[in-house]
file my_file_14.cif (mmCIF, C-alpha atoms and all ligand atoms)
data_upload
loop_
_atom_site.label_atom_id
_atom_site.label_comp_id
_atom_site.auth_asym_id
_atom_site.auth_seq_id
_atom_site.Cartn_x
_atom_site.Cartn_y
_atom_site.Cartn_z
CA MET A 1 5.31 -76.52 3.10
CA SER A 2 6.70 -73.93 0.73
CA HIS A 3 10.30 -74.35 1.98
CA VAL A 4 10.52 -77.87 0.56
CA ILE A 5 10.74 -76.35 -2.91
CA ALA A 6 13.63 -74.12 -1.96
CA GLU A 7 15.54 -76.84 -0.14
CA PRO A 8 17.58 -78.37 -2.97
CA ASP A 9 18.81 -74.87 -3.89
CA GLN A 10 19.58 -74.07 -0.27
CA LYS A 11 21.49 -77.29 0.08
CA ALA A 12 23.49 -76.74 -3.12
CA GLN A 13 24.34 -73.20 -2.04
CA ILE A 14 25.49 -74.28 1.44
CA GLN A 15 27.46 -77.17 -0.05
CA LEU A 16 29.19 -74.86 -2.51
CA LEU A 17 30.24 -72.37 0.19
CA ASN A 18 31.50 -75.22 2.40
CA LYS A 19 33.57 -76.56 -0.48
CA GLN A 20 34.99 -73.15 -1.36
CA LEU A 21 36.02 -72.54 2.24
CA THR A 22 37.64 -75.98 2.33
CA ASP A 23 39.54 -75.19 -0.89
CA ILE A 24 40.95 -72.02 0.66
CA GLY A 25 42.31 -74.06 3.54
CA GLN A 26 43.66 -76.96 1.50
CA LYS A 27 44.94 -75.20 -1.63
CA GLN A 28 45.24 -71.52 -0.70
CA CYS A 29 42.89 -71.08 -3.64
CA SER A 30 42.39 -67.37 -4.39
CA ASP A 31 39.39 -68.02 -6.68
CA ALA A 32 37.66 -69.79 -3.82
CA PHE A 33 38.52 -66.91 -1.51
CA THR A 34 37.11 -64.43 -4.02
CA ALA A 35 33.84 -66.39 -4.07
CA ILE A 36 33.70 -66.59 -0.27
CA TYR A 37 34.59 -62.90 -0.01
CA ASN A 38 31.92 -61.89 -2.52
CA HIS A 39 29.32 -63.82 -0.58
CA PHE A 40 30.28 -62.90 2.99
CA ALA A 41 32.20 -59.60 3.12
CA GLY A 42 29.18 -57.29 2.68
CA ARG A 43 27.08 -59.43 5.01
CA VAL A 44 29.77 -59.51 7.68
CA LYS A 45 29.96 -55.72 7.40
CA SER A 46 26.17 -55.47 7.87
CA PHE A 47 26.52 -57.68 10.94
CA LEU A 48 29.22 -55.41 12.39
CA ILE A 49 27.49 -52.05 11.77
CA GLY A 50 25.42 -50.70 14.65
CA LYS A 51 25.86 -50.74 18.44
CA GLY A 52 28.48 -47.98 18.30
CA ILE A 53 30.26 -49.30 15.18
CA ASN A 54 30.08 -46.92 12.19
CA ASP A 55 30.70 -47.70 8.52
CA ASP A 56 34.45 -46.93 8.64
CA THR A 57 35.08 -49.11 11.67
CA ALA A 58 32.85 -51.85 10.28
CA GLU A 59 34.88 -51.82 7.05
CA GLU A 60 38.11 -52.14 9.02
CA LEU A 61 36.78 -54.95 11.23
CA MET A 62 35.26 -56.73 8.20
CA GLN A 63 38.69 -56.75 6.55
CA GLU A 64 40.23 -58.24 9.69
CA VAL A 65 37.52 -60.90 9.79
CA MET A 66 38.00 -61.82 6.12
CA ILE A 67 41.79 -61.93 6.56
CA ALA A 68 41.22 -64.31 9.48
CA VAL A 69 38.98 -66.41 7.21
CA TRP A 70 41.80 -66.64 4.67
CA ARG A 71 44.42 -67.51 7.29
CA ARG A 72 42.40 -69.91 9.45
CA ALA A 73 40.60 -71.74 6.65
CA CYS A 74 43.02 -74.67 7.15
CA THR A 75 41.29 -75.32 10.50
CA TYR A 76 37.82 -75.38 8.89
CA ASP A 77 36.18 -78.82 8.82
CA GLN A 78 33.01 -79.06 6.76
CA SER A 79 31.88 -82.13 8.68
CA LYS A 80 31.73 -79.97 11.83
CA ALA A 81 30.27 -76.64 10.68
CA ALA A 82 28.66 -74.89 7.73
CA ALA A 83 30.71 -72.07 6.22
CA SER A 84 28.15 -69.47 7.36
CA THR A 85 28.37 -70.72 10.96
CA TRP A 86 32.16 -70.68 10.91
CA VAL A 87 32.42 -67.19 9.41
CA PHE A 88 29.76 -65.88 11.81
CA THR A 89 31.69 -67.10 14.88
CA ILE A 90 34.82 -65.26 13.72
CA ALA A 91 32.85 -62.06 13.06
CA ARG A 92 31.07 -62.32 16.42
CA ASN A 93 34.36 -62.61 18.28
CA ARG A 94 35.86 -59.67 16.46
CA ARG A 95 32.84 -57.52 17.32
CA ILE A 96 32.84 -58.53 21.00
CA ASP A 97 36.59 -57.98 21.28
CA HIS A 98 36.25 -54.55 19.66
CA LEU A 99 33.36 -53.46 21.89
CA ARG A 100 34.73 -54.53 25.26
CA GLY A 101 38.44 -55.15 24.79
CA THR A 102 38.37 -58.87 25.60
CA PRO A 103 37.38 -61.69 23.26
CA ARG A 104 34.38 -63.93 23.86
CA VAL A 105 35.22 -66.71 26.32
CA GLU A 106 34.76 -70.09 24.64
CA ILE A 107 35.59 -73.76 25.10
CA GLU A 108 39.06 -74.76 23.95
CA LEU A 109 39.25 -77.78 21.69
CA GLU A 110 42.67 -78.74 23.12
CA ASP A 111 41.26 -78.81 26.68
CA SER A 112 42.05 -82.20 28.25
CA LEU A 113 38.79 -81.92 30.23
CA LEU A 114 36.65 -81.47 27.10
CA GLN A 115 34.00 -84.20 27.12
CA LEU A 116 33.69 -85.70 23.68
CA GLU A 117 30.55 -87.17 22.22
CA SER A 118 30.87 -90.91 22.77
CA ASP A 119 32.02 -92.83 19.70
CA ASP A 120 29.37 -95.50 19.97
CA ILE A 121 26.56 -93.25 18.72
CA PRO A 122 25.14 -95.08 15.69
CA ALA A 123 26.00 -93.37 12.40
CA GLU A 124 22.37 -92.55 11.61
CA GLN A 125 22.05 -90.58 14.88
CA GLN A 126 25.17 -88.53 14.32
CA VAL A 127 24.68 -84.91 13.41
CA ASP A 128 24.59 -84.32 9.66
CA ILE A 129 25.90 -80.76 9.47
CA LEU A 130 24.86 -80.18 5.89
CA GLN A 131 21.34 -81.44 6.43
CA ASP A 132 20.90 -79.51 9.70
CA ALA A 133 22.19 -76.29 8.18
CA THR A 134 19.87 -76.75 5.19
CA ARG A 135 16.89 -77.30 7.50
CA VAL A 136 17.73 -74.25 9.60
CA HIS A 137 18.20 -72.08 6.50
CA SER A 138 14.87 -73.24 5.09
CA ALA A 139 13.07 -72.71 8.39
CA MET A 140 14.56 -69.23 8.58
CA ALA A 141 13.27 -68.41 5.09
CA THR A 142 9.69 -69.30 6.09
CA LEU A 143 9.57 -67.62 9.52
CA PRO A 144 6.85 -64.98 9.88
CA GLU A 145 8.36 -61.51 9.44
CA ASP A 146 7.72 -60.45 13.06
CA GLN A 147 9.62 -63.48 14.39
CA HIS A 148 12.47 -63.04 11.93
CA LYS A 149 12.80 -59.42 13.05
CA VAL A 150 13.22 -60.22 16.77
CA LEU A 151 15.71 -63.01 15.99
CA HIS A 152 17.67 -60.56 13.86
CA LEU A 153 17.74 -57.86 16.55
CA SER A 154 18.49 -60.28 19.36
CA PHE A 155 21.03 -62.74 17.92
CA PHE A 156 22.36 -60.72 15.09
CA LYS A 157 22.44 -57.20 16.49
CA GLY A 158 23.08 -58.38 20.06
CA GLN A 159 20.30 -56.22 21.53
CA SER A 160 18.78 -57.05 24.89
CA HIS A 161 15.16 -58.14 25.03
CA GLY A 162 14.37 -54.82 26.78
CA ASP A 163 15.96 -52.75 24.00
CA ILE A 164 14.06 -54.69 21.34
CA ALA A 165 10.78 -54.13 23.20
CA THR A 166 11.43 -50.37 23.32
CA ARG A 167 12.47 -50.21 19.70
CA LEU A 168 9.46 -52.13 18.38
CA GLY A 169 7.02 -50.65 20.90
CA LEU A 170 6.10 -54.10 22.25
CA PRO A 171 5.82 -55.54 25.75
CA ILE A 172 8.97 -57.47 26.69
CA GLY A 173 6.86 -60.62 27.12
CA THR A 174 5.86 -60.44 23.46
CA VAL A 175 9.51 -60.15 22.40
CA LYS A 176 10.45 -63.19 24.47
CA SER A 177 7.53 -65.25 23.18
CA ARG A 178 8.33 -64.41 19.55
CA ILE A 179 11.89 -65.59 20.06
CA ARG A 180 10.60 -68.74 21.74
CA LEU A 181 8.15 -69.44 18.88
CA ALA A 182 10.82 -68.88 16.24
CA MET A 183 13.31 -71.14 18.01
CA ARG A 184 10.65 -73.79 18.44
CA SER A 185 9.83 -73.91 14.72
CA ILE A 186 13.53 -74.11 13.89
CA ARG A 187 14.05 -76.93 16.39
CA ASN A 188 10.96 -78.71 15.11
CA THR A 189 12.29 -78.89 11.56
CA LEU A 190 15.39 -80.60 12.96
CA HIS A 191 13.32 -83.09 14.91
CA GLU A 192 11.13 -83.82 11.89
CA GLN A 193 14.30 -84.80 10.15
CA GLU A 194 15.38 -87.10 13.00
CA GLU A 195 12.01 -88.85 12.97
CA GLN A 196 12.20 -89.41 9.25
CA VAL A 197 15.54 -91.16 9.62
CA MET B 1 30.26 -87.09 32.63
CA ASN B 2 26.76 -87.49 34.01
CA ILE B 3 25.22 -84.04 34.12
CA SER B 4 21.72 -83.34 35.39
CA HIS B 5 21.50 -79.53 35.62
CA HIS B 6 21.94 -77.47 32.46
CA LEU B 7 21.97 -73.95 31.08
CA SER B 8 18.59 -72.40 30.25
CA ASP B 9 17.54 -71.53 26.68
CA ASP B 10 17.64 -67.83 27.61
CA THR B 11 21.21 -68.08 28.87
CA LEU B 12 22.46 -69.94 25.79
CA GLN B 13 20.69 -67.45 23.52
CA GLU B 14 22.28 -64.48 25.29
CA TYR B 15 25.66 -66.21 25.12
CA THR B 16 25.15 -66.72 21.37
CA ALA B 17 24.25 -63.06 20.94
CA GLY B 18 27.33 -61.95 22.90
CA ALA B 19 25.13 -60.12 25.40
CA LEU B 20 26.71 -61.48 28.61
CA ASP B 21 29.63 -60.34 30.77
CA PRO B 22 32.95 -62.21 30.37
CA SER B 23 32.57 -63.64 33.91
CA LEU B 24 29.31 -65.37 32.96
CA GLU B 25 30.92 -66.51 29.70
CA VAL B 26 33.64 -68.23 31.74
CA VAL B 27 31.03 -70.21 33.73
CA ILE B 28 29.17 -71.10 30.52
CA ALA B 29 32.33 -72.13 28.65
CA CYS B 30 33.35 -74.33 31.63
CA HIS B 31 29.95 -76.05 31.65
CA LEU B 32 30.11 -76.50 27.85
CA THR B 33 33.52 -78.15 28.33
CA TYR B 34 31.84 -80.79 30.51
CA CYS B 35 28.44 -81.02 28.82
CA THR B 36 27.99 -82.31 25.27
CA SER B 37 24.24 -81.75 25.42
CA CYS B 38 24.46 -77.99 26.08
CA ARG B 39 27.32 -77.80 23.55
CA ASN B 40 25.03 -79.27 20.88
CA ARG B 41 22.35 -76.72 21.80
CA ALA B 42 24.88 -73.86 21.60
CA ASP B 43 26.14 -75.17 18.23
CA MET B 44 22.61 -75.21 16.87
CA LEU B 45 22.16 -71.58 17.91
CA ASP B 46 25.35 -70.70 16.04
CA VAL B 47 23.96 -72.47 12.97
CA THR B 48 20.82 -70.37 13.35
CA VAL B 49 22.73 -67.09 13.47
CA GLY B 50 24.92 -68.28 10.59
CA ALA B 51 21.68 -68.72 8.62
CA LEU B 52 20.69 -65.16 9.59
CA LEU B 53 24.06 -63.98 8.27
CA ASP B 54 23.36 -65.71 4.96
CA THR B 55 20.03 -63.92 4.52
CA GLU B 56 21.38 -60.48 5.53
CA GLN B 57 21.43 -57.62 2.98
CA PRO B 58 25.11 -56.94 2.17
CA THR B 59 26.60 -53.49 2.85
CA ALA B 60 28.93 -52.02 0.19
CA VAL B 61 32.60 -52.80 0.85
CA ARG B 62 35.66 -50.84 -0.25
CA THR B 63 38.26 -53.49 -0.93
CA THR B 64 38.67 -56.60 -3.07
CA ALA B 65 39.43 -60.19 -2.14
CA LEU B 66 42.82 -60.06 -3.86
CA GLU B 67 43.85 -56.92 -2.00
CA LEU B 68 43.07 -58.69 1.27
CA ILE B 69 45.10 -61.75 0.30
CA GLN B 70 48.07 -59.45 -0.33
CA LYS B 71 47.50 -57.78 3.00
CA ALA B 72 47.31 -61.17 4.72
CA GLN B 73 50.61 -62.26 3.21
CA SER B 74 52.39 -59.20 4.60
CA LEU B 75 51.31 -60.11 8.14
CA GLY B 76 53.33 -62.31 10.51
CA GLU B 77 52.21 -65.72 11.75
CA GLU B 78 49.17 -65.77 14.02
CA GLN B 79 50.20 -66.44 17.62
CA ALA B 80 48.79 -69.62 19.10
CA GLN B 81 47.50 -69.19 22.66
CA ALA B 82 49.79 -70.60 25.35
CA GLU B 83 48.57 -73.45 27.54
CA PRO B 84 47.08 -72.19 30.81
CA PRO B 85 49.16 -72.81 33.96
CA VAL B 86 46.38 -74.74 35.69
CA SER B 87 44.87 -77.88 34.18
CA ASP B 88 42.66 -79.35 36.92
CA VAL B 89 39.77 -77.13 35.83
CA PRO B 90 38.45 -76.33 32.33
CA ARG B 91 40.77 -74.00 30.45
CA PRO B 92 38.54 -70.91 30.38
CA LEU B 93 38.85 -70.88 34.20
CA GLY B 94 42.41 -72.23 34.28
CA ARG B 95 43.54 -69.13 32.40
CA LEU B 96 42.42 -66.97 35.33
CA LEU B 97 44.04 -68.96 38.17
CA PRO B 98 47.63 -68.72 39.47
CA ALA B 99 47.53 -72.20 41.09
CA PRO B 100 45.44 -75.39 41.26
CA LEU B 101 42.20 -75.12 43.25
CA GLU B 102 43.50 -76.59 46.50
CA SER B 103 46.56 -74.28 46.57
CA LEU B 104 44.75 -70.99 45.94
CA ALA B 105 44.99 -68.19 48.52
CA TRP B 106 41.45 -68.76 49.82
CA LYS B 107 40.02 -66.10 52.12
CA ARG B 108 37.94 -67.27 55.08
CA LEU B 109 34.45 -65.73 55.16
CA ALA B 110 32.72 -67.72 57.90
CA PRO B 111 33.21 -71.11 59.56
CA GLY B 112 33.51 -73.66 56.75
CA ILE B 113 33.19 -71.02 54.01
CA LYS B 114 36.15 -69.70 52.02
CA GLN B 115 36.20 -67.60 48.90
CA TYR B 116 38.64 -66.75 46.12
CA ASN B 117 37.76 -63.55 44.31
CA LEU B 118 38.16 -63.51 40.52
CA SER B 119 36.50 -60.17 39.89
CA ASN B 120 39.79 -58.22 39.87
CA ARG B 121 40.21 -59.56 36.37
CA HIS B 122 36.78 -58.33 35.36
CA ARG B 123 36.34 -55.30 37.62
CA LYS B 124 33.67 -53.68 35.45
CA TYR B 125 31.35 -56.63 35.82
CA GLY B 126 29.27 -58.32 38.52
CA ALA B 127 30.43 -60.73 41.24
CA PHE B 128 32.84 -63.42 40.06
CA LYS B 129 34.36 -65.84 42.53
CA LEU B 130 35.10 -69.36 43.67
CA LEU B 131 33.51 -70.64 46.87
CA HIS B 132 34.97 -73.43 48.99
CA LEU B 133 32.39 -74.98 51.31
CA ALA B 134 33.24 -77.55 53.98
CA PRO B 135 31.15 -80.73 54.38
CA GLY B 136 27.91 -80.02 56.25
CA VAL B 137 27.88 -76.28 55.59
CA VAL B 138 24.39 -74.86 55.24
CA LEU B 139 24.04 -71.47 53.56
CA SER B 140 21.37 -69.07 54.75
CA GLN B 141 18.16 -69.14 52.76
CA HIS B 142 18.15 -66.48 50.09
CA THR B 143 16.91 -65.37 46.70
CA HIS B 144 18.58 -63.84 43.64
CA LYS B 145 18.15 -60.46 42.09
CA ASP B 146 20.54 -60.40 39.11
CA LYS B 147 21.28 -63.14 36.64
CA GLU B 148 23.52 -65.65 38.38
CA LEU B 149 25.24 -68.86 37.32
CA THR B 150 26.85 -71.40 39.66
CA LEU B 151 28.96 -74.27 38.36
CA VAL B 152 30.03 -77.08 40.71
CA LEU B 153 33.69 -78.02 40.18
CA ARG B 154 34.29 -80.42 43.12
CA GLY B 155 31.99 -82.23 45.54
CA SER B 156 28.27 -81.51 45.58
CA TYR B 157 25.44 -79.66 47.30
CA GLN B 158 21.74 -80.08 47.61
CA ASP B 159 18.93 -77.54 47.75
CA GLU B 160 15.20 -77.23 47.07
CA ILE B 161 15.85 -77.66 43.33
CA GLY B 162 17.92 -80.82 43.50
CA ARG B 163 21.40 -82.24 43.89
CA PHE B 164 24.26 -80.45 42.11
CA LYS B 165 27.40 -82.47 41.37
CA ALA B 166 30.64 -81.62 39.55
CA GLY B 167 29.78 -80.29 36.09
CA ASP B 168 26.21 -79.31 37.01
CA VAL B 169 25.24 -75.67 36.60
CA ALA B 170 22.56 -73.80 38.53
CA ASP B 171 20.99 -71.27 36.16
CA LEU B 172 18.51 -69.67 38.51
CA GLY B 173 15.60 -67.45 37.62
CA ASP B 174 14.76 -64.32 39.60
CA ASP B 175 12.27 -65.78 42.01
CA VAL B 176 14.00 -68.91 43.25
CA VAL B 177 14.46 -69.07 47.03
CA HIS B 178 16.95 -71.71 48.04
CA GLN B 179 19.17 -72.98 50.83
CA PRO B 180 22.17 -74.99 49.64
CA VAL B 181 23.63 -77.73 51.91
CA VAL B 182 26.96 -79.46 51.28
CA ASP B 183 25.81 -83.08 51.38
CA THR B 184 28.94 -85.29 51.27
CA GLN B 185 32.24 -85.66 53.18
CA GLU B 186 34.02 -83.84 50.37
CA PRO B 187 34.26 -80.03 50.29
CA CYS B 188 32.19 -78.40 47.57
CA ILE B 189 34.00 -75.96 45.29
CA ALA B 190 31.82 -73.84 43.01
CA LEU B 191 32.38 -71.09 40.46
CA ILE B 192 29.87 -68.24 40.64
CA ALA B 193 29.24 -65.25 38.40
CA THR B 194 26.51 -62.64 38.35
CA GLN B 195 25.68 -60.26 35.53
CA SER B 196 26.68 -56.70 36.34
CA PRO B 197 23.64 -55.04 37.93
CA VAL B 198 21.59 -52.77 35.72
CA GLN B 199 22.07 -49.14 36.71
CA PHE B 200 19.55 -47.69 39.23
CA SER B 201 18.04 -51.07 39.99
CA GLY B 202 21.11 -52.56 41.64
CA VAL B 203 21.12 -50.83 45.02
CA MET B 204 18.33 -52.79 46.67
CA GLY B 205 19.56 -55.90 44.95
CA LYS B 206 22.97 -55.48 46.53
CA LEU B 207 21.55 -54.80 49.99
CA MET B 208 19.44 -57.90 49.79
CA GLN B 209 22.20 -60.12 48.46
CA PRO B 210 23.41 -62.46 51.20
CA PHE B 211 27.04 -62.03 52.15
CA VAL B 212 28.27 -65.01 50.16
CA GLY B 213 26.15 -64.23 47.12
CA PHE B 214 25.53 -67.90 46.38
ZN ZN C 301 24.50 -78.82 30.07
#
call {"tool": "encode", "arguments": {"input": "my_file_14.cif", "output": "structure tokens", "more": "lines below"}}
Ligand SMILES: [Zn+2]
result
Amino acid sequence: MSHVIAEPDQKAQIQLLNKQLTDIGQKQCSDAFTAIYNHFAGRVKSFLIGKGINDDTAEELMQEVMIAVWRRACTYDQSKAAASTWVFTIARNRRIDHLRGTPRVEIELEDSLLQLESDDIPAEQQVDILQDATRVHSAMATLPEDQHKVLHLSFFKGQSHGDIATRLGLPIGTVKSRIRLAMRSIRNTLHEQEEQV
Amino acid sequence: MNISHHLSDDTLQEYTAGALDPSLEVVIACHLTYCTSCRNRADMLDVTVGALLDTEQPTAVRTTALELIQKAQSLGEEQAQAEPPVSDVPRPLGRLLPAPLESLAWKRLAPGIKQYNLSNRHRKYGAFKLLHLAPGVVLSQHTHKDKELTLVLRGSYQDEIGRFKAGDVADLGDDVVHQPVVDTQEPCIALIATQSPVQFSGVMGKLMQPFVGF
């Protein structure tokens, strides 16, 4: 289990980013924003490039995403999401909106019909965001390269399973099964954690 | 809410990737409004892609953090979204409706079957509509060609797969043959969306689609 070694570092890194993002929201801290920007801006730009988005457009969209990070950081809650998850969802929406002219349709937190998780879940069964994110990051770091690649193309680059099959010269069934295997190992690390509790 | 029929892994993964039409996203977001279990699964997928973002190689950028802060300060306040006019359905659907479900301008299709078309809003995409089925209505047996999601909003129906009540979603694979029956004294109102057909393969699919497309 090689990822166990990396885990404390992973956890510290995730924790630091979560805290910096919180500091932007609570104190309008420009040092914290600089740190968040230095970590995410180039990665967000990598996420945006491709699928009909060139470097110039990606730069422009990245700036919009990072401005949104600065302005919406006051709504960030580190007990609900890791910084990387939160930044990704903003970047994803910007890309979808750019490509098709309407934003991604999502649940609305103010919706009176929104079913909330019942309050009587015992504390030890409640989701520990930091721990889950750490587990997922570690699992990701130990995925076989071929599985990591299909996850990247599918989730990250938004390519259809058919496009990925063509690009990698694989049968579509192989693409689907690699995604399934990768998701299963990620889920398993989360379940391991639940059983240990 | 007691929900027994959920979104498939494939559907949630495509939703995460942003690979679905807005009409299907509306059905998914409505189900996620009702279903904490699918919401947790969707959240975990977002965590996964967030982890992918963290391990990505950065591309060179051409501005600094401080320049962006300055830019941000020169911008006006961000506009909050207005409340939708209709609140008896989840907001992602409420934003598309001019009136509550029972007061919509339903169009009669067949005895006991009415429809309200939503696809004008999303013309580029596949079928997108509400169906209003009277108690006892039996739809003709049929199968599906394109990806299709059905979310029950009121009442219930039963088919070969099981019983679908308010909040349940039918996320059917290609080969399912089914015959839905409205099984209580209450009308069944359902929201239906299909993915826009892939070019060249849609013609036969359309011909074979039953007239209600359910
Ligand atoms: Zn569900």
call {"tool": "atom_distance", "arguments": {"input": "my_file_14.cif", "atom1": "CA of Glu60 in chain A", "atom2": "CA of Val49 in chain B"}}
result
21.9 Å
call {"tool": "interface_residues", "arguments": {"input": "my_file_14.cif", "of": "chain A", "to": "chain B", "cutoff": "8 Å", "atoms": "only C-alpha atoms", "output": "PyMOL selection string"}}
result
chain A and resi 30+33-34+37-38+40-47+59+63+66-67+70-71+81-82+84-89+92+96+102+104-108+111-117+133+136-137+140+152+154-160
call {"tool": "atom_distance", "arguments": {"input": "my_file_14.cif", "atom1": "CA of Ile53 in chain A", "atom2": "CA of Arg94 in chain A"}}
result
11.9 Å
call {"tool": "residues_near_point", "arguments": {"input": "my_file_14.cif", "point": "(35.3, -65.6, 49.7)", "cutoff": "8 Å", "atoms": "all atoms listed in the file", "output": "PDB file with C-alpha atoms, in the coordinates of the input"}}
result
ATOM      1  CA  TRP B 106      41.450 -68.760  49.820  1.00  0.00           C
ATOM      2  CA  LYS B 107      40.020 -66.100  52.120  1.00  0.00           C
ATOM      3  CA  ARG B 108      37.940 -67.270  55.080  1.00  0.00           C
ATOM      4  CA  LEU B 109      34.450 -65.730  55.160  1.00  0.00           C
ATOM      5  CA  ILE B 113      33.190 -71.020  54.010  1.00  0.00           C
ATOM      6  CA  LYS B 114      36.150 -69.700  52.020  1.00  0.00           C
ATOM      7  CA  GLN B 115      36.200 -67.600  48.900  1.00  0.00           C
ATOM      8  CA  TYR B 116      38.640 -66.750  46.120  1.00  0.00           C
ATOM      9  CA  ASN B 117      37.760 -63.550  44.310  1.00  0.00           C
ATOM     10  CA  LYS B 129      34.360 -65.840  42.530  1.00  0.00           C
ATOM     11  CA  LEU B 130      35.100 -69.360  43.670  1.00  0.00           C
ATOM     12  CA  LEU B 131      33.510 -70.640  46.870  1.00  0.00           C
ATOM     13  CA  HIS B 132      34.970 -73.430  48.990  1.00  0.00           C
ATOM     14  CA  VAL B 212      28.270 -65.010  50.160  1.00  0.00           C
TER      15      VAL B 212
END
call {"tool": "atom_distance", "arguments": {"input": "my_file_14.cif", "atom1": "CA of Lys11 in chain A", "atom2": "CA of Gln131 in chain A"}}
result
7.6 Å
call {"tool": "residues_around", "arguments": {"input": "my_file_14.cif", "residues": "Gly136 in chain B", "least_positions_apart": "4", "cutoff": "8 Å", "atoms": "only C-alpha atoms", "output": "PyMOL selection string"}}
result
chain B and resi 181-185
call {"tool": "residues_around", "arguments": {"input": "my_file_14.cif", "residues": "Ile3 in chain B", "least_positions_apart": "6", "cutoff": "9 Å", "atoms": "all atoms listed in the file", "output": "JSON, numbers by chain"}}
result
{"B": [34, 35, 164, 165, 166, 167, 168, 169]}
call {"tool": "build_atoms", "arguments": {"input": "my_file_14.cif", "residues": "range 96-109 of chain A", "atoms": "N, CA, C and O atoms", "output": "JSON list (two decimals), in the coordinates of the input"}}
result
[["chain", "number", "residue", "atom", "x", "y", "z"],
["A", 96, "ILE", "N", 32.81, -58.56, 19.53],
["A", 96, "ILE", "CA", 32.84, -58.53, 21.00],
["A", 96, "ILE", "C", 34.17, -57.97, 21.48],
["A", 96, "ILE", "O", 34.23, -57.12, 22.35],
["A", 97, "ASP", "N", 35.26, -58.44, 20.89],
["A", 97, "ASP", "CA", 36.59, -57.98, 21.28],
["A", 97, "ASP", "C", 36.71, -56.46, 21.06],
["A", 97, "ASP", "O", 37.23, -55.73, 21.91],
["A", 98, "HIS", "N", 36.19, -55.98, 19.94],
["A", 98, "HIS", "CA", 36.25, -54.55, 19.66],
["A", 98, "HIS", "C", 35.44, -53.74, 20.68],
["A", 98, "HIS", "O", 35.88, -52.72, 21.17],
["A", 99, "LEU", "N", 34.25, -54.24, 21.02],
["A", 99, "LEU", "CA", 33.36, -53.46, 21.89],
["A", 99, "LEU", "C", 33.81, -53.44, 23.34],
["A", 99, "LEU", "O", 33.62, -52.46, 24.04],
["A", 100, "ARG", "N", 34.42, -54.52, 23.83],
["A", 100, "ARG", "CA", 34.73, -54.53, 25.26],
["A", 100, "ARG", "C", 36.20, -54.77, 25.57],
["A", 100, "ARG", "O", 36.60, -54.76, 26.73],
["A", 101, "GLY", "N", 37.00, -55.01, 24.55],
["A", 101, "GLY", "CA", 38.44, -55.15, 24.79],
["A", 101, "GLY", "C", 38.90, -56.52, 25.21],
["A", 101, "GLY", "O", 40.09, -56.74, 25.42],
["A", 102, "THR", "N", 37.96, -57.48, 25.36],
["A", 102, "THR", "CA", 38.37, -58.87, 25.60],
["A", 102, "THR", "C", 37.53, -59.76, 24.69],
["A", 102, "THR", "O", 36.35, -59.49, 24.47],
["A", 103, "PRO", "N", 38.15, -60.83, 24.16],
["A", 103, "PRO", "CA", 37.38, -61.69, 23.26],
["A", 103, "PRO", "C", 36.31, -62.48, 24.02],
["A", 103, "PRO", "O", 36.31, -62.53, 25.24],
["A", 104, "ARG", "N", 35.40, -63.07, 23.26],
["A", 104, "ARG", "CA", 34.38, -63.93, 23.86],
["A", 104, "ARG", "C", 35.07, -65.15, 24.48],
["A", 104, "ARG", "O", 35.97, -65.73, 23.87],
["A", 105, "VAL", "N", 34.64, -65.53, 25.67],
["A", 105, "VAL", "CA", 35.22, -66.71, 26.32],
["A", 105, "VAL", "C", 34.53, -67.95, 25.77],
["A", 105, "VAL", "O", 33.30, -68.04, 25.79],
["A", 106, "GLU", "N", 35.32, -68.90, 25.27],
["A", 106, "GLU", "CA", 34.76, -70.09, 24.64],
["A", 106, "GLU", "C", 35.47, -71.35, 25.11],
["A", 106, "GLU", "O", 36.55, -71.26, 25.70],
["A", 107, "ILE", "N", 34.90, -72.50, 24.82],
["A", 107, "ILE", "CA", 35.59, -73.76, 25.10],
["A", 107, "ILE", "C", 36.86, -73.81, 24.26],
["A", 107, "ILE", "O", 36.95, -73.16, 23.22],
["A", 108, "GLU", "N", 37.84, -74.57, 24.74],
["A", 108, "GLU", "CA", 39.06, -74.76, 23.95],
["A", 108, "GLU", "C", 39.12, -76.22, 23.52],
["A", 108, "GLU", "O", 39.00, -77.12, 24.34],
["A", 109, "LEU", "N", 39.30, -76.41, 22.21],
["A", 109, "LEU", "CA", 39.25, -77.78, 21.69],
["A", 109, "LEU", "C", 40.41, -78.64, 22.19],
["A", 109, "LEU", "O", 40.31, -79.86, 22.24]]
